[in-house]
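For reference, the structure discussed in these notes is given below.
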Amino acid sequence: MLCRCIQCENQKLRRSVIWSACFLIPIIPAIMGTFNYLQNLELLKSGWYSLWTQLSLFYASIFYGPLIALYASYLWRLEHLNNNWNKIMTMPVPVSDIFFGKLAVIFKVTVITQLWLGCLFFLCGKLSGLPGFMPAEILFWLLRGTLAAGAVGTLQLCLSMMIRSFALPIGIALCGSIAGFLLSNKGLSMYWPYSLMVAGMNSNQYKDQLSANLLPFFVSLFFFFLLFAGISILWLKKKDIRTQ
């Protein structure tokens, strides 16, 4: 049944504006970060790592969270329109499958977004005159940032499910991401889901800040995933037919 739910959610993505956001929005922090890097070459002398500090500064602290929130809001949008909520509540499908079907699709689009960001980073590096290929370490940071999206994606699905507004959960994600960046600078990354993306991608850092703290990172990620997934499924089970 879960596979069928995933197939249904995938159908929503056909000719969807989601793909435009997936490929166009990451270009903005790539341009901003590269411009910042080129304007400060006398200070930023660590090549690929310096470029990463600038690009990830804008992406992880401003754009990444709202992008995931956009994906989540879009997948719940149809259910919030007309009588569609009542239809899903009366279908012979476990609510957990409905939720995890949406989450699987969000994670798929997020993986594509992160792969695209990696391509943009490499392209910006070559256009900036950086030699060779990007360090493998940065690819690992991209992977960690992708995994951290599991916690934020679960939270945003929960918010978009409960809030009928399309834009409000995206605004919450923006505020949460900025707060996450500030908290990560104070060493509190493990206590705020949006900070996990900043910490996972080693945003605005030269050296890997999680090299000795990978276990707390994954424990925190798993905790937030279980917390928000549990809240969402429990809420769906308690939610009844909605009066329009």
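So you can find residues: chains in the structure tokens are A, B, ... in the order shown, residues in each start at 1, and ligands are numbered from 1 in order.
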Selection near Gly125 in chain A, 12 Å with only C-alpha atoms, sequence-local residues under 5 positions removed, as a PyMOL selection string: chain A and resi 30-31+33-35+37-38+47-52+54-55+118-120+130-135
Contacts of Arg144 in chain A within 8 Å, only C-alpha atoms, excl. fewer than 2 positions in-chain, as a ChimeraX atom specification: /A:140-142,146-148,197,200-201
Skip range 101-117 of chain A itself and residues of its chain fewer than 4 positions away, then list as a CSV table (one decimal) with N, CA, C and O atoms, in the first residue's frame all residues within 7 Å of it, counting only C-alpha atoms.
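After the write, result.csv holds the following:
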```csv
chain,number,residue,atom,x,y,z
A,2,LEU,N,2.0,1.2,0.7
A,2,LEU,CA,2.9,2.3,0.8
A,2,LEU,C,3.4,2.7,-0.6
A,2,LEU,O,3.5,3.8,-1.0
A,5,CYS,N,0.9,4.6,-2.5
A,5,CYS,CA,0.8,6.0,-2.1
A,5,CYS,C,1.9,6.8,-2.7
A,5,CYS,O,1.7,7.9,-3.1
A,6,ILE,N,3.1,6.2,-2.8
A,6,ILE,CA,4.3,6.9,-3.3
A,6,ILE,C,4.0,7.1,-4.8
A,6,ILE,O,4.3,8.2,-5.3
A,9,GLU,N,1.6,10.1,-5.1
A,9,GLU,CA,2.3,11.3,-4.9
A,9,GLU,C,3.2,11.7,-6.0
A,9,GLU,O,3.4,12.9,-6.3
A,10,ASN,N,3.9,10.7,-6.6
A,10,ASN,CA,4.7,11.0,-7.8
A,10,ASN,C,3.9,11.6,-8.9
A,10,ASN,O,4.5,12.4,-9.7
A,22,CYS,N,13.0,23.4,-7.8
A,22,CYS,CA,14.1,22.5,-7.5
A,22,CYS,C,15.3,23.0,-8.2
A,22,CYS,O,16.4,22.9,-7.7
A,23,PHE,N,15.2,23.4,-9.5
A,23,PHE,CA,16.4,23.7,-10.3
A,23,PHE,C,16.7,25.2,-10.3
A,23,PHE,O,17.9,25.6,-10.5
A,26,PRO,N,18.1,27.0,-6.2
A,26,PRO,CA,19.5,26.8,-5.8
A,26,PRO,C,20.5,27.7,-6.6
A,26,PRO,O,21.6,27.9,-6.1
A,71,TYR,N,8.1,22.0,-1.0
A,71,TYR,CA,7.7,20.6,-1.4
A,71,TYR,C,6.6,20.1,-0.6
A,71,TYR,O,5.6,19.5,-1.1
A,72,ALA,N,6.7,20.2,0.7
A,72,ALA,CA,5.7,19.7,1.7
A,72,ALA,C,4.3,20.4,1.5
A,72,ALA,O,3.3,19.7,1.4
A,75,LEU,N,2.6,19.1,-1.7
A,75,LEU,CA,2.0,17.8,-1.6
A,75,LEU,C,0.7,17.7,-0.8
A,75,LEU,O,-0.1,16.9,-1.0
A,97,ASP,N,0.8,5.2,5.9
A,97,ASP,CA,1.3,5.1,4.5
A,97,ASP,C,1.1,6.4,3.7
A,97,ASP,O,1.9,6.7,2.8
A,121,PHE,N,27.9,24.0,-7.5
A,121,PHE,CA,29.1,24.3,-6.8
A,121,PHE,C,30.3,24.1,-7.6
A,121,PHE,O,31.2,24.9,-7.7
A,142,LEU,N,27.5,17.3,1.6
A,142,LEU,CA,26.3,17.4,0.9
A,142,LEU,C,25.4,16.2,1.2
A,142,LEU,O,24.2,16.3,1.4
A,146,THR,N,21.7,16.2,3.1
A,146,THR,CA,20.6,15.5,2.5
A,146,THR,C,19.9,14.6,3.5
A,146,THR,O,18.6,14.6,3.6
A,150,GLY,N,15.7,14.8,6.2
A,150,GLY,CA,14.7,13.9,6.7
A,150,GLY,C,14.0,14.4,7.9
A,150,GLY,O,12.8,14.2,8.0
A,153,GLY,N,12.1,17.6,6.7
A,153,GLY,CA,11.0,17.2,5.8
A,153,GLY,C,9.8,16.7,6.6
A,153,GLY,O,8.6,17.0,6.3
A,154,THR,N,10.1,15.9,7.7
A,154,THR,CA,9.0,15.4,8.5
A,154,THR,C,8.3,16.5,9.3
A,154,THR,O,7.1,16.5,9.4
```
Å distance separating CA of Ile68 in chain A from CA of Met91 in chain A, one decimal place: 26.8 Å
Residue nearest Tyr194 in chain A among A:Trp235, A:Phe122, A:Phe181, A:Phe223 (counting only C-alpha atoms):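 The shortest atom-to-atom distance to Tyr194 in chain A comes from A:Phe181.
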Sel. of alpha helix (DSSP H) residues, range 1-241 of chain A, as a PyMOL selection string: chain A and resi 2-12+17-24+27-39+48-58+64-80+84-90+95-127+136-162+168-185+193-200+214-238
Residue among A:Gly187, A:Pro216, A:Pro92, A:Pro66 lying closest to Ala21 in chain A, counting only C-alpha atoms: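 With only C-alpha atoms as the atom set, the closest residue is A:Pro66.
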Selection near Ala229 in chain A, 9 Å with only C-alpha atoms, sequence-local residues under 5 positions removed, as a list in words: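 Residues meeting the cut-off are Ser96, Phe99, Phe100, Thr154, Leu155, Leu157, Cys158, Phe224 and Leu234 of chain A.
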Asn185 in chain A surroundings by only C-alpha atoms, 12 Å radius, close-in-sequence under 6 positions cut, as a list of chain:residue names: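 That gives A:Leu57, A:Ser61, A:Ile178, A:Ala179, A:Ser195, A:Leu196, A:Val198, A:Ala199, A:Asn202, A:Ser203, A:Asn204, A:Gln205, A:Gln209.
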Coordinates-based distance that separates CA of Leu214 in chain A from CA of Lys186 in chain A (Å, one decimal):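 Computed distance, CA of Lys186 in chain A to CA of Leu214 in chain A, equals 17.6 Å.
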Nearest candidate to Leu70 in chain A (options A:Ser160, A:Thr53, A:Ser46, A:Ser184; using only C-alpha atoms):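 Going through A:Ser160, A:Thr53, A:Ser46, A:Ser184 one by one, the smallest distance to Leu70 in chain A is for A:Ser160.
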Selection: 7 Å around Val95 in chain A, only C-alpha atoms, excl. self and same-chain fewer than 6 positions, as a list of chain:residue names: A:Ile233, A:Leu236, A:Lys237
Residue with smallest distance to Met190 in chain A - pool A:Leu67, A:Gly171, A:Leu210, A:Phe217, counting only C-alpha atoms: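 For Met190 in chain A, the nearest of the given residues is A:Phe217.
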